[in-house]
Structure formats: C-alpha cells, structure tokens
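So the structure is just underneath, and the comments pick up after that.
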Amino acid sequence: MSYRFHVHRALPAFRLVTADGAGFPSGAAEADWRFTRTRERVDTNPDVARLVDEAGYCLFKIGMSFDEIG
C-alpha cells in the first residue's frame with residue numbers, strides 16, 4: 001500500500017496523509033493542499049499508516065510547541 005503526503009498551502013505546518021487512490025477526506029478541500037510525495041508503507045511511520053487505515057487520513061502539524069499540548 002502507498003500513502004500520499006500533502007502540505008496545506010496557507011498553513012504549511014499542517015500535513016495530510018491519505019491512502020494512494022483514495023479521495024480526500026470529507027471536510028478537506030483538495031485545492032487547499034499541495035501534493036508532495038508518495039511513500040510505501042514500509043517508508044511510512046506506523047502510527048500514520050494506522051490512522052490512515054482506520055480513519056481514511058492522518059492530519060498532523062510540524063513544529064508544535066509544548067504550550068500547544070499543555
């Protein structure tokens with residue numbers, strides 16, 4: 001299985017991962033996201049792959065601060 005990685009155009013810290021061949025998740029506008037790469041399952045973080053398998057996508061943010069989770 002392959003996974004498609006996207007970066008949000010206006011908020012580039014946000015990343016979206018979907019299964020290759022799957023549509024965009026409900027509530028996400030494809031035009032808001034820039035495709036960056038496809039990775040095979042072996043080259044994808046297991047937690048990311050699990051979330052895509054379970055929910056249809058994985059959404060995360062790069063560069064969070066501890067204040068955001070406190």
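Identifiers in this document derive from the order of the structure tokens: chains are assigned A, B, ..., residues are numbered from 1 separately in each chain, and ligands are numbered from 1 in order of occurrence.
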*Exercise: range 42-57 of chain A partners within 7 Å, only C-alpha atoms, chain neighbours under 3 positions left out, as a PyMOL selection string*: chain A and resi 16-19+25+39
Resulting file, chosen residues, N, CA, C and O atoms, as a compact mmCIF listing (two decimals), in the first residue's frame:
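Saved result, selection-v1.txt, follows:
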```
# COMPACT_ATOMS: atom_id res chain seq x y z
N LEU A 16 -1.22 16.39 5.58
CA LEU A 16 -2.32 15.44 5.41
C LEU A 16 -1.79 14.23 4.67
O LEU A 16 -1.10 14.37 3.66
N VAL A 17 -2.11 13.06 5.16
CA VAL A 17 -1.71 11.81 4.53
C VAL A 17 -2.97 11.02 4.21
O VAL A 17 -3.85 10.87 5.07
N THR A 18 -3.07 10.54 2.98
CA THR A 18 -4.19 9.71 2.55
C THR A 18 -3.65 8.46 1.86
O THR A 18 -2.49 8.43 1.45
N ALA A 19 -4.48 7.47 1.74
CA ALA A 19 -4.10 6.27 1.01
C ALA A 19 -4.07 6.60 -0.48
O ALA A 19 -4.92 7.34 -0.98
N PRO A 25 -10.51 13.45 2.35
CA PRO A 25 -11.48 13.28 3.44
C PRO A 25 -12.58 14.32 3.38
O PRO A 25 -12.37 15.44 2.90
N ARG A 39 4.71 7.63 -0.54
CA ARG A 39 5.60 6.72 0.19
C ARG A 39 4.94 5.35 0.32
O ARG A 39 3.73 5.25 0.49
```
Could you pull out all residues of chain A with a DSSP call of strand (DSSP E or B) and give them as a ChimeraX atom specification?
/A:2-8,14-19,33-40,57-61
Correct to one decimal, the distance CA of Gly21 in chain A-CA of Phe60 in chain A is 20.3 Å
If you count only C-alpha atoms, the residue of A:Glu40, A:Leu59, A:Asp67, A:Arg34 closest to His6 in chain A turns out to be A:Arg34
- Looking at only C-alpha atoms, which of A:Lys61, A:Gly27, A:Trp33, A:Thr38 is the one that sits closest to Tyr3 in chain A?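 Of the candidates, the smallest distance to Tyr3 in chain A is held by A:Thr38.
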TODO: Check the smallest atom-to-atom distance from each of A:Met64, A:Ala29, A:Met1, A:Cys58 to Ala13 in chain A using only C-alpha atoms, then report the winner.
DONE: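 Under the stated criterion, the closest residue is A:Met64.
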| Hey, what does DSSP flag as helix (DSSP H, G or I) within range 7-58 of chain A? Can you give it to me as a ChimeraX atom specification? | /A:30-32,41-43,46-55
Go ahead and save the residues from that selection, with all heavy atoms, as a short mmCIF file (atom, residue, chain, number, x, y, z; two decimals), in the first residue's frame.
```
data_model
loop_
_atom_site.label_atom_id
_atom_site.label_comp_id
_atom_site.auth_asym_id
_atom_site.auth_seq_id
_atom_site.Cartn_x
_atom_site.Cartn_y
_atom_site.Cartn_z
N GLU A 30 -9.44 19.72 -1.62
CA GLU A 30 -8.21 19.31 -2.28
C GLU A 30 -7.39 20.50 -2.77
O GLU A 30 -6.16 20.49 -2.73
CB GLU A 30 -8.51 18.36 -3.43
CG GLU A 30 -7.29 17.72 -4.01
CD GLU A 30 -7.60 16.58 -4.97
OE1 GLU A 30 -8.79 16.24 -5.15
OE2 GLU A 30 -6.63 16.04 -5.54
N ALA A 31 -8.06 21.58 -3.19
CA ALA A 31 -7.35 22.77 -3.70
C ALA A 31 -6.52 23.46 -2.62
O ALA A 31 -5.60 24.22 -2.93
CB ALA A 31 -8.35 23.75 -4.28
N ASP A 32 -6.82 23.19 -1.35
CA ASP A 32 -6.08 23.79 -0.23
C ASP A 32 -4.77 23.06 0.07
O ASP A 32 -3.99 23.53 0.90
CB ASP A 32 -6.93 23.79 1.04
CG ASP A 32 -8.12 24.73 0.96
OD1 ASP A 32 -8.11 25.64 0.10
OD2 ASP A 32 -9.06 24.55 1.75
N ARG A 41 4.29 1.80 2.38
CA ARG A 41 4.01 1.53 3.80
C ARG A 41 5.28 1.34 4.61
O ARG A 41 5.40 1.85 5.72
CB ARG A 41 3.10 0.32 3.93
CG ARG A 41 2.66 0.08 5.35
CD ARG A 41 1.70 -1.11 5.48
NE ARG A 41 1.01 -1.03 6.75
CZ ARG A 41 -0.18 -0.50 6.93
NH1 ARG A 41 -0.84 0.00 5.93
NH2 ARG A 41 -0.72 -0.46 8.13
N VAL A 42 6.26 0.65 4.07
CA VAL A 42 7.50 0.39 4.79
C VAL A 42 8.25 1.70 5.10
O VAL A 42 9.03 1.75 6.04
CB VAL A 42 8.38 -0.62 4.02
CG1 VAL A 42 8.92 -0.01 2.74
CG2 VAL A 42 9.49 -1.15 4.88
N ASP A 43 7.99 2.75 4.32
CA ASP A 43 8.67 4.03 4.49
C ASP A 43 7.75 5.08 5.16
O ASP A 43 8.01 6.26 5.09
CB ASP A 43 9.14 4.54 3.13
CG ASP A 43 10.07 5.73 3.23
OD1 ASP A 43 10.83 5.80 4.21
OD2 ASP A 43 10.03 6.59 2.33
N PRO A 46 4.56 4.00 11.30
CA PRO A 46 3.47 3.05 11.59
C PRO A 46 2.22 3.72 12.18
O PRO A 46 1.10 3.30 11.88
CB PRO A 46 4.09 2.08 12.59
CG PRO A 46 5.55 2.16 12.34
CD PRO A 46 5.82 3.57 11.92
N ASP A 47 2.39 4.76 13.00
CA ASP A 47 1.23 5.45 13.56
C ASP A 47 0.45 6.18 12.48
O ASP A 47 -0.78 6.21 12.50
CB ASP A 47 1.65 6.44 14.65
CG ASP A 47 2.17 5.74 15.90
OD1 ASP A 47 1.71 4.62 16.19
OD2 ASP A 47 3.03 6.33 16.58
N VAL A 48 1.15 6.77 11.53
CA VAL A 48 0.50 7.46 10.41
C VAL A 48 -0.26 6.44 9.56
O VAL A 48 -1.43 6.64 9.23
CB VAL A 48 1.53 8.23 9.56
CG1 VAL A 48 0.90 8.74 8.27
CG2 VAL A 48 2.13 9.38 10.36
N ALA A 49 0.37 5.34 9.22
CA ALA A 49 -0.28 4.31 8.41
C ALA A 49 -1.52 3.76 9.11
O ALA A 49 -2.57 3.57 8.48
CB ALA A 49 0.71 3.18 8.11
N ARG A 50 -1.42 3.53 10.42
CA ARG A 50 -2.57 3.00 11.18
C ARG A 50 -3.74 3.98 11.14
O ARG A 50 -4.89 3.58 10.92
CB ARG A 50 -2.16 2.72 12.62
CG ARG A 50 -3.30 2.19 13.48
CD ARG A 50 -2.89 1.99 14.94
NE ARG A 50 -2.28 3.16 15.53
CZ ARG A 50 -2.93 4.24 15.97
NH1 ARG A 50 -4.24 4.29 15.85
NH2 ARG A 50 -2.29 5.25 16.52
N LEU A 51 -3.46 5.28 11.34
CA LEU A 51 -4.54 6.27 11.30
C LEU A 51 -5.18 6.35 9.92
O LEU A 51 -6.41 6.47 9.81
CB LEU A 51 -4.02 7.64 11.72
CG LEU A 51 -3.81 7.81 13.22
CD1 LEU A 51 -3.07 9.11 13.52
CD2 LEU A 51 -5.14 7.77 13.95
N VAL A 52 -4.38 6.29 8.87
CA VAL A 52 -4.95 6.30 7.51
C VAL A 52 -5.81 5.06 7.31
O VAL A 52 -6.92 5.14 6.78
CB VAL A 52 -3.85 6.39 6.44
CG1 VAL A 52 -4.44 6.24 5.04
CG2 VAL A 52 -3.09 7.71 6.55
N ASP A 53 -5.33 3.92 7.76
CA ASP A 53 -6.09 2.68 7.63
C ASP A 53 -7.42 2.75 8.39
O ASP A 53 -8.44 2.27 7.91
CB ASP A 53 -5.28 1.49 8.14
CG ASP A 53 -4.06 1.19 7.28
OD1 ASP A 53 -3.96 1.71 6.15
OD2 ASP A 53 -3.19 0.43 7.77
N GLU A 54 -7.40 3.35 9.58
CA GLU A 54 -8.59 3.40 10.43
C GLU A 54 -9.56 4.52 10.06
O GLU A 54 -10.76 4.32 10.03
CB GLU A 54 -8.19 3.54 11.90
CG GLU A 54 -7.49 2.31 12.45
CD GLU A 54 -6.95 2.51 13.85
OE1 GLU A 54 -7.11 3.62 14.43
OE2 GLU A 54 -6.36 1.55 14.38
N ALA A 55 -9.01 5.72 9.83
CA ALA A 55 -9.86 6.90 9.64
C ALA A 55 -9.94 7.38 8.20
O ALA A 55 -10.76 8.23 7.87
CB ALA A 55 -9.35 8.04 10.53
#
```
How far is it from CA of Ala10 in chain A to CA of Gly23 in chain A, in Å with one decimal?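 Going from CA of Ala10 in chain A over to CA of Gly23 in chain A, I get 20.7 Å.
Between CA of Arg4 in chain A and CA of Ser65 in chain A lies a distance of 25.8 Å.
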